[in-house]
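Shown next, in C-alpha cells, is the structure this report addresses.
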Amino acid sequence: MSAALLLTLLASIALCGLYLRLALRWQIIDTPNARSSHRTPTPHGGGAPMLLAFCLGLLAAAWWVAPWPIEFTLLAGGAVLLMLLGIVDDIWSLSVWLRFSLYGLGCLAVALVLLSRPGVSGVLPGVVLVPLVALAMLWLVNLYNFMDGIDGIAASQCLLACAAAALMSWRTGEQDYALFCLLLAASQLGFLVWNWPPARLFMGDAGSIPTGFLLAGLAVMGAVEDRLGLACWLVLLAVFITDASWTLLWRMATGQPFTRPHRLHAYQRLSVRWGSHLRVDLLFAAVFCGWLLPLAWMTEVHSKYAFLLVILAYLPLLAGMAKTRPLA
C-alpha cells in the first residue's frame, strides 16, 4: 500500500511539473481579469496530470494489493471522463448549460449504480432517492468548481478531507475505501507542490470538476454501503459547502446574476482584504483541524448525535459568512 501511495505522490509531482513546462510552451495560460483573484498570468489545467497520477496509483494498488471493487472502478472512470470534459472546457469554453447537463448525467449514473446495489435500502423509494442524490452530487461538483478560486484551497480541502476519511474508515476495517481516499489525497498533495501560494500552476476545470465528483461519490458510497457516515462527510466538507451555498443564496436573494462569474465568496473577500492567499489557506487548515476534524470524528464515534454535531459544526461557519459579508 505504501508503495502505491509513494508512486502516486511522486507521479503527481513529476507529471504536474512536466505539464507546467508544456503549458508555458504552449501558452495554456489563465490571464487575470476583473473577476480573478490572481494578478499574474498562470498556466492552468494542472488537474489533468494530477488525476492521471491518481489513476496510476489505482492501477498500482490493484496490481500490488488487490483488484478494486466495481463501484470504485466506475467512480474513477467517471472522474476521468469529467477530466477530459474539463480539458475541452479549459481550451474552448463550453456553454454553461452543456457542461451542467453533462455533469448531471455523470452524477445520475453514479447515484443509480450505487443506490441500486443489493442491500441498499432507505426510507424513500429509488425513483425519488436517486434524483435527490444525483442533485446533491451535482451541487457538490459545482460548488467545488466555485471554491477553486485562490491558490491552494481546493487541493487542501481534498487532501485534508480524504486523509481524515481514510483515518476514520480504516478504523472500522474499510481498507479499500481508505486506500482510495489516501491515493486521491496523495495526488492532491503532489499537485500542491506547484499550487501552494504563490501558485505556479492552477487546477482548472480538468481538476476541480472530477475532484468534486470523486468526493461526492465517496460520500454517497460511504453512506449507502455503511463505510463512512454521511454526517462525517458533511462536516469534513463544511467550509466549502457553507461558503458556496451561502454565497449563491445571498446573490439570488439580492437579485444578482448568480450564473455569472464573480469573486464574492467569503474566501475570496478575505484574500482581497488580507492581500494574501496563504493566510486564507492557513485559516482554512486551522478551522478544519481545530474544529471540523474533531466533530467529524465524533459523528462516527457517537453516531446517535450525528445530526446535532453537524448543526454544531455549521453554526460558527454561518456566523463567519455573515461577518464577512460587509467585505464585499
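Chain labels run A, B, ... following the order of the C-alpha cells; each chain numbers its residues from 1, and ligands are numbered from 1 in the order shown.
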
Which residues of stretch 182-284 of chain A have any atom within 12 Å of an atom in stretch 15-34 of chain A when counting only C-alpha atoms, and what is the closest pair of atoms for each, with the distance in Å to one decimal? Order the rows by chain and rising number and write it as JSON lines.
```
{"residue": "A:Ser187", "atom": "CA", "partner": "A:Cys16", "partner_atom": "CA", "distance": 9.9}
{"residue": "A:Gln188", "atom": "CA", "partner": "A:Cys16", "partner_atom": "CA", "distance": 10.5}
{"residue": "A:Leu189", "atom": "CA", "partner": "A:Cys16", "partner_atom": "CA", "distance": 11.1}
{"residue": "A:Gly190", "atom": "CA", "partner": "A:Cys16", "partner_atom": "CA", "distance": 7.9}
{"residue": "A:Phe191", "atom": "CA", "partner": "A:Cys16", "partner_atom": "CA", "distance": 6.4}
{"residue": "A:Leu192", "atom": "CA", "partner": "A:Cys16", "partner_atom": "CA", "distance": 9.6}
{"residue": "A:Val193", "atom": "CA", "partner": "A:Cys16", "partner_atom": "CA", "distance": 8.9}
{"residue": "A:Trp194", "atom": "CA", "partner": "A:Gly17", "partner_atom": "CA", "distance": 7.4}
{"residue": "A:Asn195", "atom": "CA", "partner": "A:Cys16", "partner_atom": "CA", "distance": 9.7}
{"residue": "A:Ala199", "atom": "CA", "partner": "A:Leu20", "partner_atom": "CA", "distance": 11.2}
{"residue": "A:Arg200", "atom": "CA", "partner": "A:Leu20", "partner_atom": "CA", "distance": 7.9}
{"residue": "A:Leu201", "atom": "CA", "partner": "A:Leu20", "partner_atom": "CA", "distance": 6.6}
{"residue": "A:Phe202", "atom": "CA", "partner": "A:Asp30", "partner_atom": "CA", "distance": 8.3}
{"residue": "A:Met203", "atom": "CA", "partner": "A:Cys16", "partner_atom": "CA", "distance": 9.8}
{"residue": "A:Gly204", "atom": "CA", "partner": "A:Asp30", "partner_atom": "CA", "distance": 9.0}
{"residue": "A:Asp205", "atom": "CA", "partner": "A:Asp30", "partner_atom": "CA", "distance": 11.8}
{"residue": "A:Gly207", "atom": "CA", "partner": "A:Cys16", "partner_atom": "CA", "distance": 11.6}
{"residue": "A:Pro261", "atom": "CA", "partner": "A:Ala34", "partner_atom": "CA", "distance": 10.1}
{"residue": "A:His262", "atom": "CA", "partner": "A:Ala34", "partner_atom": "CA", "distance": 8.7}
{"residue": "A:Arg263", "atom": "CA", "partner": "A:Ala34", "partner_atom": "CA", "distance": 9.1}
```

Do you know which residues are at most 9 Å from A:Leu138 counting only C-alpha atoms, after dropping those on the same chain fewer than 4 positions away, and could you put them as a VMD selection string? chain A and resid 100 103 to 104 106 to 108 133 to 134 142 to 143 212 to 213 216

For A:Val235: contacts at 7 Å, only C-alpha atoms, fewer than 6 positions along chain excluded, given as a PyMOL selection string: chain A and resi 292+296+310+313

Generate a file of the selected residues that holds C-alpha atoms, formatted as a compact mmCIF listing (two decimals), in the first residue's frame.
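Dumped to selection12.txt:
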```txt
# COMPACT_ATOMS: atom_id res chain seq x y z
CA LEU A 292 -14.23 20.20 11.95
CA ALA A 296 -16.32 14.60 12.23
CA VAL A 310 -23.46 18.55 12.01
CA ALA A 313 -20.17 22.28 13.00
```

To test your reading of the structure, identify every residue in stretch 75-241 of chain A that backbone DSSP assigns to helix (DSSP H, G or I), and report it as a short mmCIF file (atom, residue, chain, number, x, y, z; two decimals) with N, CA and C atoms, in the first residue's frame.
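Generated file (result02.cif):
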```cif
data_model
loop_
_atom_site.label_atom_id
_atom_site.label_comp_id
_atom_site.auth_asym_id
_atom_site.auth_seq_id
_atom_site.Cartn_x
_atom_site.Cartn_y
_atom_site.Cartn_z
N LEU A 75 -16.43 4.84 -10.32
CA LEU A 75 -16.24 6.20 -9.83
C LEU A 75 -14.99 6.82 -10.46
N ALA A 76 -13.91 6.06 -10.51
CA ALA A 76 -12.68 6.58 -11.12
C ALA A 76 -12.88 6.82 -12.62
N GLY A 77 -13.61 5.91 -13.29
CA GLY A 77 -13.87 6.10 -14.71
C GLY A 77 -14.69 7.34 -14.99
N GLY A 78 -15.69 7.60 -14.15
CA GLY A 78 -16.48 8.83 -14.31
C GLY A 78 -15.63 10.07 -14.12
N ALA A 79 -14.69 10.02 -13.17
CA ALA A 79 -13.81 11.16 -12.93
C ALA A 79 -12.92 11.42 -14.15
N VAL A 80 -12.44 10.36 -14.78
CA VAL A 80 -11.60 10.53 -15.98
C VAL A 80 -12.40 11.18 -17.11
N LEU A 81 -13.64 10.75 -17.29
CA LEU A 81 -14.48 11.36 -18.34
C LEU A 81 -14.71 12.85 -18.05
N LEU A 82 -14.95 13.19 -16.79
CA LEU A 82 -15.13 14.60 -16.44
C LEU A 82 -13.83 15.38 -16.58
N MET A 83 -12.70 14.73 -16.33
CA MET A 83 -11.41 15.38 -16.56
C MET A 83 -11.24 15.74 -18.04
N LEU A 84 -11.60 14.80 -18.91
CA LEU A 84 -11.50 15.07 -20.35
C LEU A 84 -12.44 16.20 -20.76
N LEU A 85 -13.64 16.21 -20.18
CA LEU A 85 -14.58 17.30 -20.44
C LEU A 85 -14.00 18.62 -19.94
N GLY A 86 -13.33 18.59 -18.78
CA GLY A 86 -12.71 19.79 -18.24
C GLY A 86 -11.61 20.31 -19.13
N ILE A 87 -10.84 19.41 -19.74
CA ILE A 87 -9.78 19.84 -20.67
C ILE A 87 -10.39 20.56 -21.86
N VAL A 88 -11.46 19.97 -22.40
CA VAL A 88 -12.14 20.60 -23.53
C VAL A 88 -12.67 21.98 -23.13
N ASP A 89 -13.26 22.07 -21.93
CA ASP A 89 -13.82 23.34 -21.47
C ASP A 89 -12.72 24.37 -21.21
N ASP A 90 -11.58 23.93 -20.64
CA ASP A 90 -10.48 24.85 -20.40
C ASP A 90 -9.95 25.45 -21.70
N ILE A 91 -10.03 24.68 -22.79
CA ILE A 91 -9.48 25.15 -24.06
C ILE A 91 -10.51 25.93 -24.86
N TRP A 92 -11.76 25.41 -24.93
CA TRP A 92 -12.76 26.00 -25.82
C TRP A 92 -13.93 26.67 -25.10
N VAL A 96 -22.43 27.01 -20.43
CA VAL A 96 -22.74 26.63 -19.06
C VAL A 96 -23.75 25.47 -19.04
N TRP A 97 -24.78 25.56 -19.86
CA TRP A 97 -25.84 24.55 -19.80
C TRP A 97 -25.39 23.21 -20.34
N LEU A 98 -24.49 23.21 -21.33
CA LEU A 98 -23.95 21.94 -21.83
C LEU A 98 -23.12 21.27 -20.75
N ARG A 99 -22.24 22.03 -20.11
CA ARG A 99 -21.42 21.46 -19.03
C ARG A 99 -22.31 20.95 -17.89
N PHE A 100 -23.27 21.77 -17.52
CA PHE A 100 -24.16 21.41 -16.41
C PHE A 100 -24.91 20.12 -16.71
N SER A 101 -25.38 19.97 -17.95
CA SER A 101 -26.12 18.76 -18.33
C SER A 101 -25.24 17.53 -18.29
N LEU A 102 -24.01 17.65 -18.77
CA LEU A 102 -23.10 16.50 -18.78
C LEU A 102 -22.68 16.13 -17.36
N TYR A 103 -22.44 17.13 -16.51
CA TYR A 103 -22.14 16.83 -15.10
C TYR A 103 -23.32 16.09 -14.46
N GLY A 104 -24.52 16.57 -14.77
CA GLY A 104 -25.71 15.96 -14.19
C GLY A 104 -25.87 14.51 -14.61
N LEU A 105 -25.60 14.21 -15.88
CA LEU A 105 -25.71 12.83 -16.35
C LEU A 105 -24.71 11.93 -15.62
N GLY A 106 -23.49 12.45 -15.41
CA GLY A 106 -22.49 11.67 -14.69
C GLY A 106 -22.92 11.38 -13.25
N CYS A 107 -23.45 12.39 -12.58
CA CYS A 107 -23.90 12.22 -11.20
C CYS A 107 -25.09 11.27 -11.12
N LEU A 108 -26.00 11.38 -12.08
CA LEU A 108 -27.17 10.50 -12.10
C LEU A 108 -26.75 9.05 -12.30
N ALA A 109 -25.77 8.82 -13.17
CA ALA A 109 -25.30 7.46 -13.42
C ALA A 109 -24.69 6.85 -12.16
N VAL A 110 -23.86 7.62 -11.46
CA VAL A 110 -23.23 7.11 -10.24
C VAL A 110 -24.27 6.86 -9.16
N ALA A 111 -25.21 7.78 -8.99
CA ALA A 111 -26.26 7.60 -7.99
C ALA A 111 -27.08 6.35 -8.29
N LEU A 112 -27.39 6.14 -9.56
CA LEU A 112 -28.19 4.98 -9.95
C LEU A 112 -27.45 3.68 -9.64
N VAL A 113 -26.15 3.64 -9.95
CA VAL A 113 -25.36 2.43 -9.71
C VAL A 113 -25.23 2.15 -8.22
N LEU A 114 -24.90 3.17 -7.45
CA LEU A 114 -24.67 2.96 -6.02
C LEU A 114 -25.94 2.62 -5.26
N LEU A 115 -27.04 3.26 -5.64
CA LEU A 115 -28.29 3.05 -4.91
C LEU A 115 -29.07 1.83 -5.37
N GLY A 126 -36.53 4.30 -4.68
CA GLY A 126 -35.44 4.63 -5.59
C GLY A 126 -35.79 5.71 -6.60
N VAL A 127 -37.04 5.71 -7.07
CA VAL A 127 -37.43 6.69 -8.08
C VAL A 127 -37.35 8.12 -7.55
N VAL A 128 -37.41 8.29 -6.24
CA VAL A 128 -37.27 9.61 -5.62
C VAL A 128 -35.84 9.82 -5.11
N LEU A 129 -35.27 8.78 -4.51
CA LEU A 129 -33.96 8.91 -3.88
C LEU A 129 -32.84 9.14 -4.89
N VAL A 130 -32.89 8.42 -6.01
CA VAL A 130 -31.81 8.55 -7.00
C VAL A 130 -31.68 9.97 -7.53
N PRO A 131 -32.77 10.62 -7.98
CA PRO A 131 -32.64 12.01 -8.43
C PRO A 131 -32.18 12.97 -7.33
N LEU A 132 -32.64 12.75 -6.08
CA LEU A 132 -32.22 13.62 -4.99
C LEU A 132 -30.72 13.50 -4.73
N VAL A 133 -30.23 12.28 -4.72
CA VAL A 133 -28.79 12.06 -4.51
C VAL A 133 -27.99 12.63 -5.69
N ALA A 134 -28.50 12.44 -6.91
CA ALA A 134 -27.81 12.98 -8.08
C ALA A 134 -27.72 14.50 -8.02
N LEU A 135 -28.81 15.15 -7.58
CA LEU A 135 -28.79 16.61 -7.44
C LEU A 135 -27.80 17.06 -6.38
N ALA A 136 -27.74 16.33 -5.27
CA ALA A 136 -26.80 16.67 -4.21
C ALA A 136 -25.36 16.52 -4.71
N MET A 137 -25.10 15.46 -5.46
CA MET A 137 -23.77 15.26 -6.03
C MET A 137 -23.43 16.37 -7.02
N LEU A 138 -24.42 16.74 -7.83
CA LEU A 138 -24.21 17.80 -8.82
C LEU A 138 -23.87 19.12 -8.14
N TRP A 139 -24.53 19.40 -7.02
CA TRP A 139 -24.23 20.63 -6.29
C TRP A 139 -22.80 20.60 -5.75
N LEU A 140 -22.36 19.46 -5.23
CA LEU A 140 -21.00 19.38 -4.72
C LEU A 140 -19.98 19.53 -5.84
N VAL A 141 -20.27 18.94 -7.00
CA VAL A 141 -19.38 19.10 -8.15
C VAL A 141 -19.23 20.57 -8.52
N ASN A 142 -20.36 21.27 -8.60
CA ASN A 142 -20.31 22.68 -8.99
C ASN A 142 -19.72 23.57 -7.91
N LEU A 143 -20.06 23.31 -6.65
CA LEU A 143 -19.52 24.17 -5.60
C LEU A 143 -18.01 23.99 -5.48
N TYR A 144 -17.52 22.79 -5.77
CA TYR A 144 -16.07 22.61 -5.72
C TYR A 144 -15.40 23.45 -6.81
N ASN A 145 -16.05 23.53 -7.94
CA ASN A 145 -15.54 24.40 -9.01
C ASN A 145 -15.58 25.86 -8.58
N PHE A 146 -16.68 26.27 -7.90
CA PHE A 146 -16.79 27.65 -7.41
C PHE A 146 -15.68 27.97 -6.42
N MET A 147 -15.33 27.00 -5.58
CA MET A 147 -14.40 27.25 -4.49
C MET A 147 -12.94 27.15 -4.91
N ILE A 153 -6.37 26.29 -2.15
CA ILE A 153 -7.51 25.98 -1.28
C ILE A 153 -8.25 24.71 -1.71
N ALA A 154 -8.45 24.50 -3.01
CA ALA A 154 -9.22 23.33 -3.45
C ALA A 154 -8.45 22.04 -3.17
N ALA A 155 -7.17 22.03 -3.48
CA ALA A 155 -6.36 20.84 -3.23
C ALA A 155 -6.23 20.58 -1.72
N SER A 156 -6.13 21.65 -0.94
CA SER A 156 -6.03 21.48 0.52
C SER A 156 -7.28 20.86 1.09
N GLN A 157 -8.46 21.29 0.61
CA GLN A 157 -9.71 20.71 1.09
C GLN A 157 -9.78 19.22 0.80
N CYS A 158 -9.44 18.83 -0.42
CA CYS A 158 -9.49 17.41 -0.78
C CYS A 158 -8.45 16.62 0.01
N LEU A 159 -7.27 17.16 0.13
CA LEU A 159 -6.20 16.47 0.88
C LEU A 159 -6.61 16.22 2.33
N LEU A 160 -7.07 17.25 3.01
CA LEU A 160 -7.43 17.11 4.42
C LEU A 160 -8.66 16.22 4.61
N ALA A 161 -9.68 16.41 3.77
CA ALA A 161 -10.90 15.62 3.91
C ALA A 161 -10.63 14.15 3.63
N CYS A 162 -9.87 13.85 2.59
CA CYS A 162 -9.61 12.44 2.25
C CYS A 162 -8.69 11.78 3.27
N ALA A 163 -7.72 12.51 3.77
CA ALA A 163 -6.85 11.94 4.80
C ALA A 163 -7.65 11.61 6.05
N ALA A 164 -8.54 12.51 6.44
CA ALA A 164 -9.39 12.28 7.61
C ALA A 164 -10.36 11.12 7.37
N ALA A 165 -10.96 11.08 6.19
CA ALA A 165 -11.90 10.00 5.86
C ALA A 165 -11.18 8.65 5.86
N ALA A 166 -9.96 8.63 5.36
CA ALA A 166 -9.18 7.39 5.35
C ALA A 166 -8.89 6.92 6.76
N LEU A 167 -8.51 7.85 7.62
CA LEU A 167 -8.22 7.50 9.01
C LEU A 167 -9.43 6.88 9.69
N MET A 168 -10.59 7.51 9.50
CA MET A 168 -11.79 7.04 10.20
C MET A 168 -12.35 5.76 9.60
N SER A 169 -12.25 5.58 8.28
CA SER A 169 -12.76 4.36 7.68
C SER A 169 -11.80 3.19 7.91
N TRP A 170 -10.52 3.47 8.01
CA TRP A 170 -9.54 2.42 8.31
C TRP A 170 -9.81 1.83 9.69
N ARG A 171 -10.23 2.70 10.60
CA ARG A 171 -10.52 2.27 11.98
C ARG A 171 -11.61 1.22 12.00
N GLN A 175 -10.71 -1.03 4.38
CA GLN A 175 -9.37 -0.75 3.88
C GLN A 175 -9.35 -0.30 2.43
N ASP A 176 -10.21 -0.85 1.57
CA ASP A 176 -10.22 -0.42 0.18
C ASP A 176 -10.73 1.02 0.07
N TYR A 177 -11.72 1.36 0.84
CA TYR A 177 -12.25 2.73 0.87
C TYR A 177 -11.18 3.70 1.37
N ALA A 178 -10.48 3.32 2.43
CA ALA A 178 -9.43 4.17 3.00
C ALA A 178 -8.30 4.35 2.00
N LEU A 179 -7.92 3.27 1.31
CA LEU A 179 -6.83 3.37 0.34
C LEU A 179 -7.21 4.27 -0.83
N PHE A 180 -8.43 4.16 -1.31
CA PHE A 180 -8.90 5.02 -2.40
C PHE A 180 -8.80 6.49 -1.97
N CYS A 181 -9.24 6.80 -0.75
CA CYS A 181 -9.15 8.16 -0.23
C CYS A 181 -7.69 8.62 -0.13
N LEU A 182 -6.81 7.75 0.35
CA LEU A 182 -5.41 8.12 0.51
C LEU A 182 -4.72 8.35 -0.84
N LEU A 183 -5.07 7.56 -1.84
CA LEU A 183 -4.49 7.77 -3.17
C LEU A 183 -4.93 9.11 -3.75
N LEU A 184 -6.20 9.44 -3.55
CA LEU A 184 -6.69 10.74 -4.01
C LEU A 184 -5.97 11.87 -3.26
N ALA A 185 -5.78 11.69 -1.96
CA ALA A 185 -5.08 12.69 -1.16
C ALA A 185 -3.63 12.84 -1.63
N ALA A 186 -2.97 11.73 -1.95
CA ALA A 186 -1.57 11.77 -2.40
C ALA A 186 -1.44 12.53 -3.72
N SER A 187 -2.38 12.32 -4.63
CA SER A 187 -2.32 13.04 -5.91
C SER A 187 -2.52 14.54 -5.70
N GLN A 188 -3.39 14.92 -4.76
CA GLN A 188 -3.63 16.33 -4.47
C GLN A 188 -2.40 16.95 -3.80
N LEU A 189 -1.74 16.19 -2.94
CA LEU A 189 -0.53 16.69 -2.28
C LEU A 189 0.57 16.96 -3.29
N GLY A 190 0.72 16.06 -4.27
CA GLY A 190 1.71 16.29 -5.31
C GLY A 190 1.40 17.53 -6.12
N PHE A 191 0.13 17.75 -6.41
CA PHE A 191 -0.26 18.97 -7.14
C PHE A 191 0.01 20.22 -6.30
N LEU A 192 -0.18 20.12 -4.98
CA LEU A 192 0.03 21.27 -4.10
C LEU A 192 1.47 21.78 -4.14
N VAL A 193 2.40 20.92 -4.49
CA VAL A 193 3.80 21.36 -4.64
C VAL A 193 3.87 22.52 -5.62
N TRP A 194 3.03 22.49 -6.64
CA TRP A 194 3.02 23.52 -7.68
C TRP A 194 1.92 24.56 -7.48
N ASN A 195 0.95 24.26 -6.64
CA ASN A 195 -0.21 25.15 -6.47
C ASN A 195 -0.21 25.92 -5.16
N ASP A 205 -10.76 23.47 -14.63
CA ASP A 205 -11.93 22.59 -14.62
C ASP A 205 -11.54 21.12 -14.75
N ALA A 206 -10.39 20.87 -15.39
CA ALA A 206 -9.92 19.49 -15.56
C ALA A 206 -9.60 18.83 -14.23
N GLY A 207 -9.44 19.64 -13.18
CA GLY A 207 -9.15 19.09 -11.86
C GLY A 207 -10.27 19.30 -10.87
N SER A 208 -10.84 20.50 -10.84
CA SER A 208 -11.84 20.81 -9.82
C SER A 208 -13.12 20.01 -10.01
N ILE A 209 -13.56 19.83 -11.25
CA ILE A 209 -14.80 19.10 -11.50
C ILE A 209 -14.67 17.62 -11.13
N PRO A 210 -13.66 16.88 -11.63
CA PRO A 210 -13.55 15.49 -11.21
C PRO A 210 -13.24 15.32 -9.73
N THR A 211 -12.54 16.28 -9.12
CA THR A 211 -12.28 16.18 -7.68
C THR A 211 -13.58 16.29 -6.90
N GLY A 212 -14.42 17.26 -7.24
CA GLY A 212 -15.71 17.37 -6.59
C GLY A 212 -16.56 16.13 -6.82
N PHE A 213 -16.49 15.57 -8.02
CA PHE A 213 -17.23 14.36 -8.35
C PHE A 213 -16.76 13.17 -7.50
N LEU A 214 -15.46 13.03 -7.35
CA LEU A 214 -14.92 11.93 -6.54
C LEU A 214 -15.32 12.07 -5.08
N LEU A 215 -15.25 13.27 -4.54
CA LEU A 215 -15.65 13.49 -3.15
C LEU A 215 -17.14 13.20 -2.96
N ALA A 216 -17.96 13.66 -3.92
CA ALA A 216 -19.40 13.38 -3.83
C ALA A 216 -19.66 11.89 -3.90
N GLY A 217 -18.99 11.20 -4.81
CA GLY A 217 -19.17 9.77 -4.93
C GLY A 217 -18.73 9.01 -3.69
N LEU A 218 -17.61 9.44 -3.10
CA LEU A 218 -17.14 8.80 -1.87
C LEU A 218 -18.13 9.01 -0.73
N ALA A 219 -18.71 10.20 -0.66
CA ALA A 219 -19.69 10.47 0.39
C ALA A 219 -20.92 9.59 0.24
N VAL A 220 -21.44 9.47 -0.99
CA VAL A 220 -22.62 8.64 -1.24
C VAL A 220 -22.29 7.17 -0.98
N MET A 221 -21.14 6.72 -1.49
CA MET A 221 -20.73 5.33 -1.29
C MET A 221 -20.57 5.03 0.20
N GLY A 222 -19.94 5.95 0.92
CA GLY A 222 -19.75 5.74 2.35
C GLY A 222 -21.07 5.59 3.09
N ALA A 223 -22.07 6.38 2.67
CA ALA A 223 -23.37 6.35 3.35
C ALA A 223 -24.16 5.09 3.00
N VAL A 224 -24.28 4.77 1.70
CA VAL A 224 -25.17 3.67 1.29
C VAL A 224 -24.55 2.30 1.59
N LEU A 230 -22.60 9.73 6.29
CA LEU A 230 -22.81 10.97 5.54
C LEU A 230 -22.56 12.19 6.41
N ALA A 231 -22.93 12.11 7.68
CA ALA A 231 -22.69 13.24 8.60
C ALA A 231 -21.22 13.57 8.69
N CYS A 232 -20.39 12.56 8.67
CA CYS A 232 -18.95 12.78 8.72
C CYS A 232 -18.48 13.59 7.51
N TRP A 233 -18.93 13.20 6.33
CA TRP A 233 -18.54 13.94 5.12
C TRP A 233 -19.10 15.36 5.13
N LEU A 234 -20.33 15.53 5.62
CA LEU A 234 -20.90 16.88 5.68
C LEU A 234 -20.07 17.79 6.57
N VAL A 235 -19.49 17.24 7.61
CA VAL A 235 -18.63 18.04 8.49
C VAL A 235 -17.27 18.30 7.84
N LEU A 236 -16.69 17.26 7.24
CA LEU A 236 -15.37 17.42 6.62
C LEU A 236 -15.38 18.45 5.50
N ALA A 238 -17.53 21.01 5.30
CA ALA A 238 -18.43 22.07 5.77
C ALA A 238 -18.03 23.46 5.29
N VAL A 239 -16.75 23.78 5.24
CA VAL A 239 -16.32 25.12 4.83
C VAL A 239 -16.73 25.38 3.38
N PHE A 240 -16.46 24.43 2.50
CA PHE A 240 -16.81 24.60 1.09
C PHE A 240 -18.32 24.66 0.91
N ILE A 241 -19.04 23.76 1.57
CA ILE A 241 -20.50 23.73 1.43
C ILE A 241 -21.11 25.03 1.94
#
```

Skip A:Ala319 itself and residues of its chain fewer than 6 positions away, then list as a PDB file with C-alpha atoms, in the first residue's frame all residues within 12 Å of it, counting only C-alpha atoms.
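Output below, filename out-v5.pdb:
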```pdb
ATOM      1  CA  VAL A 239     -16.324  25.117   4.827  1.00  0.00           C
ATOM      2  CA  THR A 242     -21.201  26.733   3.660  1.00  0.00           C
ATOM      3  CA  ASP A 243     -19.317  29.321   1.622  1.00  0.00           C
ATOM      4  CA  TRP A 246     -24.392  30.976   1.427  1.00  0.00           C
ATOM      5  CA  ALA A 266     -16.009  34.660   1.670  1.00  0.00           C
ATOM      6  CA  LEU A 312     -22.846  22.403  15.707  1.00  0.00           C
ATOM      7  CA  ALA A 313     -20.172  22.284  13.005  1.00  0.00           C
ATOM      8  CA  ARG A 325     -20.475  39.860   4.037  1.00  0.00           C
TER       9      ARG A 325
END
```

In Å to one decimal, how far is atom CA of A:Ser37 from atom CA of A:Arg269?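 So the two atoms, atom CA of A:Arg269 and atom CA of A:Ser37, lie 9.3 Å apart.
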
Select from stretch 17-212 of chain A everything DSSP, run on the backbone, classes as strand (DSSP E), then give the selection as a VMD selection string. chain A and resid 29 to 30 42 to 43

Okay, now the selection with N, CA and C atoms, as a compact mmCIF listing (two decimals), in the first residue's frame?
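Heads up, here's the output in part04.txt:
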```
# COMPACT_ATOMS: atom_id res chain seq x y z
N ILE A 29 -2.56 29.44 -20.65
CA ILE A 29 -2.38 30.41 -19.57
C ILE A 29 -3.72 30.99 -19.14
N ASP A 30 -3.90 31.13 -17.84
CA ASP A 30 -5.06 31.83 -17.28
C ASP A 30 -4.66 33.29 -17.08
N THR A 42 -0.95 32.69 -15.26
CA THR A 42 -0.50 31.41 -14.69
C THR A 42 -1.06 30.26 -15.51
N PRO A 43 -0.24 29.24 -15.80
CA PRO A 43 -0.74 28.07 -16.52
C PRO A 43 -1.88 27.38 -15.75
```

Test item: residues at most 8 Å from A:Leu278, only C-alpha atoms, excluding those fewer than 3 positions along its chain, as a PyMOL selection string: chain A and resi 151-152+196-198+281-282

Students should find that atom CA of A:Met1 and atom CA of A:Ser303 are spaced 29.4 Å
